[in-house]
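With compact mmCIF, C-alpha atoms inside, this is target-v1.txt:
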# COMPACT_ATOMS: atom_id res chain seq x y z
CA MET A 1 0.00 0.00 0.00
CA PHE A 2 1.53 3.29 -1.17
CA SER A 3 0.58 5.16 2.04
CA ARG A 4 3.17 3.12 3.97
CA MET A 5 5.74 5.32 2.21
CA LEU A 6 4.35 8.48 3.80
CA PHE A 7 5.97 10.04 6.85
CA VAL A 8 3.30 12.54 7.89
CA GLY A 9 4.21 15.52 10.05
CA LEU A 10 1.65 16.32 12.71
CA SER A 11 0.77 19.91 11.89
CA THR A 12 -2.43 19.11 13.78
CA ASN A 13 -3.25 17.88 17.31
CA ASP A 14 -6.66 16.58 16.26
CA LEU A 15 -6.78 13.01 17.61
CA GLU A 16 -9.47 12.05 15.10
CA ILE A 17 -7.18 13.00 12.22
CA ILE A 18 -4.31 11.01 13.75
CA LYS A 19 -6.69 8.07 14.20
CA LYS A 20 -7.76 8.28 10.56
CA LEU A 21 -4.14 8.51 9.32
CA ILE A 22 -3.32 5.22 11.00
CA LEU A 23 -6.52 3.13 11.18
CA GLU A 24 -7.90 3.98 7.74
CA TYR A 25 -4.91 5.07 5.67
CA HIS A 26 -2.03 3.11 7.25
CA VAL A 27 0.60 5.83 6.90
CA GLY A 28 4.07 4.42 7.47
CA GLY A 29 5.41 7.08 9.78
CA ILE A 30 4.50 10.02 11.99
CA THR A 31 6.78 13.02 12.53
CA LEU A 32 6.50 14.78 15.88
CA TYR A 33 6.87 18.52 16.44
CA LYS A 34 7.31 20.57 19.60
CA LYS A 35 3.85 22.09 19.19
CA ASN A 36 2.24 18.64 19.51
CA TYR A 37 2.79 18.54 23.31
CA ARG A 38 3.30 20.88 26.24
CA SER A 39 5.18 18.42 28.46
CA TYR A 40 7.18 15.19 28.35
CA GLU A 41 4.16 13.34 29.76
CA GLU A 42 1.98 14.64 26.92
CA MET A 43 4.61 13.55 24.39
CA LEU A 44 4.63 10.00 25.79
CA ASN A 45 0.84 9.90 25.82
CA LEU A 46 0.79 10.87 22.14
CA ILE A 47 3.46 8.28 21.25
CA ASN A 48 1.58 5.54 23.08
CA TYR A 49 -1.67 6.58 21.41
CA ILE A 50 0.02 6.23 18.00
CA TYR A 51 1.31 2.76 18.94
CA GLU A 52 -2.09 1.70 20.22
CA LEU A 53 -3.70 2.69 16.90
CA ALA A 54 -0.99 0.97 14.83
CA ASN A 55 -1.43 -2.23 16.84
CA LYS A 56 -5.17 -2.13 16.11
CA SER A 57 -4.37 -1.56 12.44
CA GLY A 58 -1.98 -4.53 12.34
CA TYR A 59 1.27 -2.98 11.15
CA VAL A 60 4.43 -1.49 12.69
CA ILE A 61 4.55 2.29 12.47
CA LEU A 62 7.67 4.47 12.57
CA ILE A 63 7.82 7.56 14.77
CA GLY A 64 10.38 10.19 13.79
CA ILE A 65 11.61 13.56 14.97
CA ASP A 66 13.98 16.32 13.87
CA GLU A 67 16.27 16.49 16.91
CA GLU A 68 19.63 18.09 16.22
CA GLY A 69 19.82 20.28 19.31
CA TYR A 70 19.85 24.09 19.60
CA ARG A 71 17.97 25.64 16.61
CA VAL A 72 16.38 22.34 15.59
CA ASN A 73 14.90 21.11 18.85
CA ARG A 74 11.55 19.31 18.93
CA LEU A 75 11.67 17.94 22.49
CA PRO A 76 9.44 19.21 25.34
CA ASN A 77 10.67 22.27 27.19
CA GLU A 78 11.47 20.44 30.45
CA ILE A 79 14.33 18.70 28.64
CA HIS A 80 17.19 21.19 28.38
CA ASN A 81 18.32 22.14 24.89
CA LEU A 82 21.75 21.01 23.76
CA LYS A 83 24.16 23.43 22.11
CA SER A 84 24.54 23.13 18.34
CA PRO A 85 26.75 20.38 16.86
CA TYR A 86 29.15 23.03 15.53
CA SER A 87 29.79 24.21 19.11
CA PHE A 88 31.67 20.94 19.61
CA HIS A 89 33.20 20.49 16.17
CA GLN A 90 36.75 20.51 17.55
CA ASP A 91 35.98 18.04 20.34
CA ILE A 92 35.03 14.60 19.05
CA ASN A 93 34.39 13.16 22.54
CA SER A 94 31.92 15.91 23.34
CA LEU A 95 30.22 15.40 19.97
CA MET A 96 29.84 11.69 20.66
CA LYS A 97 28.32 12.53 24.05
CA HIS A 98 26.00 14.99 22.25
CA GLY A 99 24.80 12.19 19.96
CA ASN A 100 24.53 9.72 22.83
CA LEU A 101 22.33 12.08 24.87
CA ILE A 102 19.92 12.66 21.99
CA ALA A 103 19.85 8.95 21.11
CA SER A 104 19.21 8.04 24.78
CA ILE A 105 16.28 10.45 25.06
CA LEU A 106 14.70 9.22 21.83
CA SER A 107 15.30 5.53 22.52
CA GLN A 108 13.80 5.71 26.01
CA SER A 109 10.84 7.70 24.67
CA GLY A 110 9.88 5.22 21.94
CA ILE A 111 11.08 7.32 18.99
CA HIS A 112 12.71 5.16 16.30
CA VAL A 113 13.98 7.64 13.71
CA ASN A 114 15.94 10.89 14.00
CA PHE A 115 16.19 13.14 10.94
CA ALA A 116 19.80 13.94 11.77
CA PRO A 117 22.72 14.44 11.55
CA VAL A 118 23.43 17.15 8.98
CA LEU A 119 26.35 16.13 6.75
CA ASP A 120 26.56 19.47 4.99
CA ILE A 121 29.77 21.52 5.07
CA LYS A 122 29.68 24.83 6.97
CA ARG A 123 30.47 27.63 4.56
CA PHE A 124 28.15 30.33 5.87
CA PRO A 125 27.47 32.11 9.22
CA ASP A 126 25.93 30.31 12.19
CA ASN A 127 22.46 31.74 11.51
CA HIS A 128 22.40 30.53 7.90
CA ALA A 129 19.72 27.90 7.11
CA ILE A 130 22.35 25.24 7.83
CA GLY A 131 25.10 27.21 9.63
CA ASP A 132 25.87 25.85 13.09
CA ARG A 133 23.86 22.73 12.44
CA CYS A 134 26.96 21.47 10.59
CA PHE A 135 29.77 19.36 12.06
CA GLY A 136 32.71 21.05 10.39
CA ASP A 137 34.18 23.57 7.97
CA SER A 138 35.55 20.98 5.53
CA ALA A 139 34.62 17.58 4.14
CA ASP A 140 37.36 15.92 6.21
CA GLU A 141 36.16 17.52 9.43
CA VAL A 142 32.52 16.61 8.76
CA ILE A 143 33.55 12.99 8.07
CA LYS A 144 35.73 12.79 11.19
CA ASN A 145 32.89 14.12 13.37
CA THR A 146 29.76 12.53 11.90
CA ILE A 147 30.76 8.90 11.33
CA PRO A 148 31.29 8.19 15.07
CA TYR A 149 28.27 10.41 15.89
CA ILE A 150 26.06 8.22 13.70
CA GLN A 151 27.24 5.13 15.60
CA GLU A 152 25.91 6.57 18.88
CA PHE A 153 22.39 6.37 17.43
CA LYS A 154 22.83 2.89 16.03
CA LYS A 155 24.11 1.60 19.38
CA LEU A 156 20.81 2.62 20.97
CA ASN A 157 18.67 1.34 18.09
CA VAL A 158 17.66 4.77 16.78
CA VAL A 159 17.81 5.13 12.99
CA PRO A 160 19.88 8.18 11.94
CA VAL A 161 18.90 9.98 8.73
CA ILE A 162 21.75 11.85 7.03
CA LYS A 163 20.93 15.04 5.17
CA HIS A 164 20.80 17.03 2.85
CA PHE A 165 22.25 14.99 -0.04
CA PRO A 166 24.34 15.95 -1.95
CA GLY A 167 25.15 18.99 0.25
CA HIS A 168 23.23 22.09 1.38
CA GLY A 169 26.56 23.78 2.12
CA ALA A 170 26.88 24.31 -1.63
CA THR A 171 24.24 27.06 -1.55
CA LYS A 172 23.32 29.95 0.74
CA ILE A 173 19.64 29.86 -0.33
CA ASN A 174 17.19 28.41 2.21
CA THR A 175 15.25 25.51 0.63
CA HIS A 176 12.32 26.15 2.97
CA TYR A 177 11.42 29.13 0.78
CA MET A 178 13.06 28.64 -2.62
CA ILE A 179 14.78 25.96 -4.71
CA PRO A 180 18.44 26.88 -5.13
CA ILE A 181 20.37 26.23 -8.33
CA ILE A 182 23.80 24.71 -7.73
CA TRP A 183 26.09 25.32 -10.69
CA ASN A 184 29.48 24.55 -9.15
CA THR A 185 29.46 20.76 -9.39
CA LYS A 186 33.26 20.56 -9.21
CA LYS A 187 33.14 21.66 -5.57
CA LEU A 188 30.00 19.61 -4.98
CA PHE A 189 31.56 16.33 -6.17
CA ASN A 190 35.04 16.96 -4.78
CA GLU A 191 33.93 18.18 -1.37
CA ASP A 192 30.23 18.23 -0.42
CA ILE A 193 29.41 14.70 -1.49
CA MET A 194 32.38 13.11 0.33
CA PRO A 195 30.77 12.85 3.81
CA PHE A 196 27.79 11.06 2.20
CA LYS A 197 30.16 8.64 0.44
CA CYS A 198 31.82 7.79 3.75
CA ALA A 199 28.47 7.37 5.52
CA ILE A 200 27.35 4.96 2.78
CA LYS A 201 30.47 2.88 3.36
CA SER A 202 29.64 2.77 7.07
CA ASP A 203 26.18 1.31 6.24
CA ILE A 204 23.85 4.25 6.74
CA ASP A 205 20.19 3.24 6.51
CA ILE A 206 18.41 6.40 5.31
CA ILE A 207 19.59 9.32 3.19
CA MET A 208 17.47 12.47 2.85
CA VAL A 209 17.74 14.21 -0.53
CA GLY A 210 17.53 18.00 -0.57
CA HIS A 211 15.42 20.20 -2.83
CA PHE A 212 18.08 21.54 -5.20
CA PHE A 213 18.29 22.20 -8.92
CA ILE A 214 21.65 20.83 -10.09
CA PRO A 215 21.65 21.33 -13.89
CA LYS A 216 24.57 18.97 -14.56
CA ILE A 217 22.64 16.12 -12.91
CA SER A 218 19.01 16.97 -13.60
CA PHE A 219 18.30 20.22 -15.42
CA PHE A 220 14.53 20.60 -15.16
CA THR A 221 13.73 18.61 -12.02
CA PRO A 222 14.74 19.21 -8.38
CA LEU A 223 17.07 16.48 -7.16
CA SER A 224 14.56 15.22 -4.59
CA LEU A 225 12.15 14.39 -7.45
CA SER A 226 14.75 13.21 -9.95
CA LYS A 227 15.43 9.64 -11.08
CA LYS A 228 18.96 10.76 -11.93
CA ALA A 229 19.60 11.56 -8.27
CA LYS A 230 18.59 8.02 -7.32
CA SER A 231 20.85 6.69 -10.07
CA LEU A 232 23.71 8.76 -8.66
CA LEU A 233 23.18 7.21 -5.23
CA LYS A 234 22.65 3.65 -6.40
CA ASP A 235 24.91 3.29 -9.44
CA LYS A 236 27.73 5.73 -8.69
CA LEU A 237 27.90 5.53 -4.90
CA GLY A 238 26.68 1.95 -4.41
CA TYR A 239 23.92 2.91 -1.98
CA GLN A 240 21.17 0.29 -1.65
CA ASN A 241 19.18 1.42 1.38
CA ILE A 242 16.32 3.88 1.93
CA ILE A 243 16.13 7.21 0.09
CA MET A 244 13.73 9.83 1.38
CA THR A 245 12.69 13.34 0.43
CA ASP A 246 13.10 16.40 2.55
CA ASP A 247 9.70 17.77 3.62
CA LEU A 248 7.61 18.50 0.54
CA MET A 249 5.91 21.43 2.31
CA MET A 250 8.81 23.74 1.48
CA GLY A 251 9.86 26.01 -1.39
CA ILE A 252 9.28 23.15 -3.82
CA LEU A 253 5.52 23.75 -3.45
CA LYS A 254 5.91 26.74 -5.77
CA LEU A 255 6.33 24.33 -8.69
CA TRP A 256 3.58 21.71 -8.22
CA ASN A 257 0.56 21.05 -6.07
CA LYS A 258 0.91 18.64 -3.15
CA LYS A 259 -0.66 15.60 -4.85
CA ASN A 260 1.61 15.90 -7.88
CA LEU A 261 4.63 16.39 -5.65
CA ILE A 262 3.89 13.16 -3.80
CA LYS A 263 3.33 11.27 -7.06
CA LYS A 264 6.59 12.58 -8.56
CA ALA A 265 8.45 11.74 -5.36
CA VAL A 266 7.23 8.13 -5.49
CA LEU A 267 7.83 7.56 -9.20
CA SER A 268 11.33 9.05 -9.09
CA GLY A 269 12.47 6.32 -6.71
CA ASN A 270 12.15 7.73 -3.19
CA HIS A 271 11.18 5.15 -0.58
CA ILE A 272 9.93 7.52 2.11
CA ILE A 273 8.00 10.71 1.38
CA MET A 274 8.05 13.35 4.10
CA ILE A 275 5.10 15.74 4.14
CA LYS A 276 3.15 17.60 6.80
CA TYR A 277 -0.54 16.91 7.17
CA TYR A 278 -2.73 19.17 5.03
CA GLN A 279 -6.48 19.50 4.57
CA ASN A 280 -6.87 17.43 1.38
CA LEU A 281 -4.34 14.75 2.27
CA PHE A 282 -6.91 11.95 2.60
CA LYS A 283 -8.50 12.68 -0.77
CA ASP A 284 -5.06 12.85 -2.38
CA ILE A 285 -4.00 9.53 -0.82
CA GLU A 286 -7.14 7.86 -2.19
CA LYS A 287 -6.47 9.16 -5.70
CA LEU A 288 -2.81 8.17 -5.55
CA GLN A 289 -3.56 4.68 -4.16
CA LYS A 290 -5.42 3.94 -7.38
CA LYS A 291 -2.72 5.37 -9.63
CA LEU A 292 0.22 3.77 -7.83
CA LYS A 293 -1.21 0.40 -6.76
CA ASP A 294 0.81 -1.61 -9.33
CA SER A 295 3.94 0.53 -9.11
CA LYS A 296 7.25 -1.30 -8.77
CA GLN A 297 8.57 1.72 -6.88
CA VAL A 298 5.94 1.20 -4.16
CA GLU A 299 6.73 -2.51 -3.89
CA GLU A 300 10.46 -1.80 -3.53
CA ALA A 301 9.88 0.95 -0.98
CA ILE A 302 7.69 -1.15 1.30
CA SER A 303 10.19 -4.02 1.13
CA LYS A 304 13.00 -1.69 2.25
CA ILE A 305 10.88 -0.20 5.05
CA GLU A 306 10.00 -3.69 6.31
CA HIS A 307 13.69 -4.63 6.24
CA LEU A 308 14.55 -1.54 8.31
CA ILE A 309 11.88 -2.44 10.89
CA ILE A 310 13.34 -5.94 11.25
CA LYS A 311 16.96 -4.73 11.32
CA TYR A 312 16.29 -2.30 14.18
CA ASN A 313 13.78 -4.59 15.92
CA ILE A 314 11.16 -1.82 15.83
CA SER A 315 7.76 -2.52 17.33
CA ASN A 316 4.65 -0.72 18.54
CA LYS A 317 5.66 -1.40 22.12
CA LYS A 318 4.09 0.96 24.64
CA VAL A 319 6.53 3.20 26.53
CA THR A 320 6.13 2.43 30.23
CA LYS A 321 9.47 3.42 31.79
CA THR A 322 9.81 7.18 31.73
CA LEU A 323 13.01 9.11 31.16
CA ASN A 324 14.97 10.39 34.18
CA ILE A 325 14.75 14.02 33.11
CA ASP A 326 16.76 15.44 36.04
CA LYS A 327 19.67 13.10 35.27
CA ILE A 328 19.58 13.84 31.54
CA ASN A 329 19.38 17.60 32.18
CA LYS A 330 22.47 17.50 34.42
CA GLU A 331 24.40 15.71 31.67
CA ILE A 332 23.17 18.23 29.09
CA ASP A 333 24.17 21.17 31.33
CA ILE A 334 27.67 19.74 31.86
CA LEU A 335 28.15 19.25 28.13
CA ASN A 336 26.80 22.71 27.28
CA GLU A 337 29.16 24.27 29.81
CA LYS A 338 32.07 22.72 27.92
CA ALA A 339 30.92 24.52 24.78
CA ASN A 340 30.54 27.80 26.71
CA LYS A 341 34.10 27.55 28.05
CA SER A 342 35.62 26.66 24.68
CA SER A 343 33.95 29.66 23.00
CA LYS A 344 35.51 32.17 25.47
Could the structure of this file be written out as structure tokens, please?
Amino acid sequence: MFSRMLFVGLSTNDLEIIKKLILEYHVGGITLYKKNYRSYEEMLNLINYIYELANKSGYVILIGIDEEGYRVNRLPNEIHNLKSPYSFHQDINSLMKHGNLIASILSQSGIHVNFAPVLDIKRFPDNHAIGDRCFGDSADEVIKNTIPYIQEFKKLNVVPVIKHFPGHGATKINTHYMIPIIWNTKKLFNEDIMPFKCAIKSDIDIIMVGHFFIPKISFFTPLSLSKKAKSLLKDKLGYQNIIMTDDLMMGILKLWNKKNLIKKAVLSGNHIIMIKYYQNLFKDIEKLQKKLKDSKQVEEAISKIEHLIIKYNISNKKVTKTLNIDKINKEIDILNEKANKSSK
């Protein structure tokens, strides 16, 4: 069923809509946002509600979150916010602790997938769209810092998603609002793509493709919707695992309506489609189910998602043991203080 490819962001707190997404439409994943809960207890209640529905529906659902720390922080306010990854880019041990803390929180809270880390190269100021979300100023530094960071998530059975292939550091334009054109492919292929190559060799499970026009790869189609991008990953880089889009509710919406975006994303070879809930989503899913029911792309995608679920032993198990927030916050404060001292 095509809807198993959808990772739907909860831009709504309407429990009836969440119920419908899972019981009637069997969406494959739910993305959590900070606005979906006011406390850690509310977050756990929502997660357990999602699992309860998925158990009734008879399939294993994935729950994901964008948790990088600092500017990209989706956790409840009672959990202290970590400094940005770039704050620790010269201290690999602190970076590994940074990853371990996030992975521990997510693992103990029943969240299977983290849309992080960023493998882009930092070429612009901290407040740039990517900026201090990066792990280094060069390909070598990003590789040195992110490969062990990724392992901290795997150790705790949280699936890391590397982004934004082939490198958002190649453009200063924010893809939330526009689709950048990247002309300088020499730099892109000699530098930006290298961290992704290394992550592939270390058996990364999910790669998120960014919304970029790269004329030398795909002239008229953004990379996230391009078959040529999938060919680059599979044929040139030897990647055989899950490919997913960045959120479709971004600047890319200026080119096509939401239903066509989803269709293009599926047919171009993505295995997971990330999109926030919108008013006509159910009608669009119904139309697309009919059009895509015999698609080989859908069959391949669901097979890969099922393999991921087995590999990470993911289940709809209810979260009963709550996180020791005081303990975690002390560890976060100690780590953040290291960053404060090193910046002086």
Review point. Given the choices A:Tyr149, A:Cys134, A:Ala116, A:Arg123, which gets closest to Met208 (chain A) if the distance is worked out from only C-alpha atoms?
Key: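 Nearest to Met208 (chain A): A:Ala116.
In this comparison, which uses only C-alpha atoms, the residue of A:His80, A:His128, A:Lys304, A:His112 approaching Gln240 (chain A) most closely is A:Lys304.
The space between CA of Glu42 (chain A) and CA of Lys276 (chain A) spans 20.4 Å.
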Assuming 6 Å of padding per side, give the centre and edge lengths of the axis-aligned box around every listed atom of region 216-229 of chain A, in Å to one decimal and as AutoDock Vina command-line options.
--center_x 18.4 --center_y 15.1 --center_z -10.0 --size_x 24.4 --size_y 23.0 --size_z 22.8
Practice item. List the neighbours of Pro148 (chain A) out to 12 Å using all atoms listed in the file; skip same-chain residues closer than 2 positions along the sequence, and give me the result as a ChimeraX atom specification. Key: /A:92-100,117,135,141-146,150-155,160,198-199,202,204
For the selection you just gave me, I'd like the residues written to a file as an mmCIF file, keeping the file's coordinate frame, keeping C-alpha atoms.
data_model
loop_
_atom_site.group_PDB
_atom_site.id
_atom_site.type_symbol
_atom_site.label_atom_id
_atom_site.label_comp_id
_atom_site.auth_asym_id
_atom_site.auth_seq_id
_atom_site.Cartn_x
_atom_site.Cartn_y
_atom_site.Cartn_z
ATOM 1 C CA ILE A 92 35.030 14.600 19.050
ATOM 2 C CA ASN A 93 34.390 13.160 22.540
ATOM 3 C CA SER A 94 31.920 15.910 23.340
ATOM 4 C CA LEU A 95 30.220 15.400 19.970
ATOM 5 C CA MET A 96 29.840 11.690 20.660
ATOM 6 C CA LYS A 97 28.320 12.530 24.050
ATOM 7 C CA HIS A 98 26.000 14.990 22.250
ATOM 8 C CA GLY A 99 24.800 12.190 19.960
ATOM 9 C CA ASN A 100 24.530 9.720 22.830
ATOM 10 C CA PRO A 117 22.720 14.440 11.550
ATOM 11 C CA PHE A 135 29.770 19.360 12.060
ATOM 12 C CA GLU A 141 36.160 17.520 9.430
ATOM 13 C CA VAL A 142 32.520 16.610 8.760
ATOM 14 C CA ILE A 143 33.550 12.990 8.070
ATOM 15 C CA LYS A 144 35.730 12.790 11.190
ATOM 16 C CA ASN A 145 32.890 14.120 13.370
ATOM 17 C CA THR A 146 29.760 12.530 11.900
ATOM 18 C CA ILE A 150 26.060 8.220 13.700
ATOM 19 C CA GLN A 151 27.240 5.130 15.600
ATOM 20 C CA GLU A 152 25.910 6.570 18.880
ATOM 21 C CA PHE A 153 22.390 6.370 17.430
ATOM 22 C CA LYS A 154 22.830 2.890 16.030
ATOM 23 C CA LYS A 155 24.110 1.600 19.380
ATOM 24 C CA PRO A 160 19.880 8.180 11.940
ATOM 25 C CA CYS A 198 31.820 7.790 3.750
ATOM 26 C CA ALA A 199 28.470 7.370 5.520
ATOM 27 C CA SER A 202 29.640 2.770 7.070
ATOM 28 C CA ILE A 204 23.850 4.250 6.740
#
Point to revise | 10 Å contact set for Asn48 (chain A), all atoms listed in the file, chain neighbours under 6 positions out, as a list in words | key: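 Result of the neighbour search: Glu42, Ala54, Ser109, Gly110, Asn316, Lys317, Lys318, Val319 and Thr320 of chain A.
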Point to revise | Counting all atoms listed in the file, the residue of A:Pro125, A:Leu233, A:Asn241, A:His211 that sits nearest Lys254 (chain A) | key: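 Closest to Lys254 (chain A) of all the choices is A:His211.
Of the listed residues (A:Ile242, A:Ile162, A:Ile275, A:Ser87), A:Ser87 comes nearest to Asp126 (chain A); the distances count all atoms listed in the file.
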Practice item. Take CA of Thr175 (chain A) and CA of Ala129 (chain A) and report the distance between them in Å, one decimal. Key: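 Separation between CA of Thr175 (chain A) and CA of Ala129 (chain A): 8.2 Å.
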Review point. So, counting all atoms listed in the file, which residue among A:Asn81, A:Gly29, A:Thr12, A:Asn36 is closest to Ile328 (chain A)?
Key: A:Asn81
Review point. In Å, how far is it from CA of Ile262 (chain A) to CA of Ile121 (chain A)?
Key: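 Between CA of Ile262 (chain A) and CA of Ile121 (chain A) the gap is 28.6 Å.
The closest residue to Leu156 (chain A), picked from A:Glu191, A:Lys186, A:Gly28, A:Ile102 and counting all atoms listed in the file, is A:Ile102.
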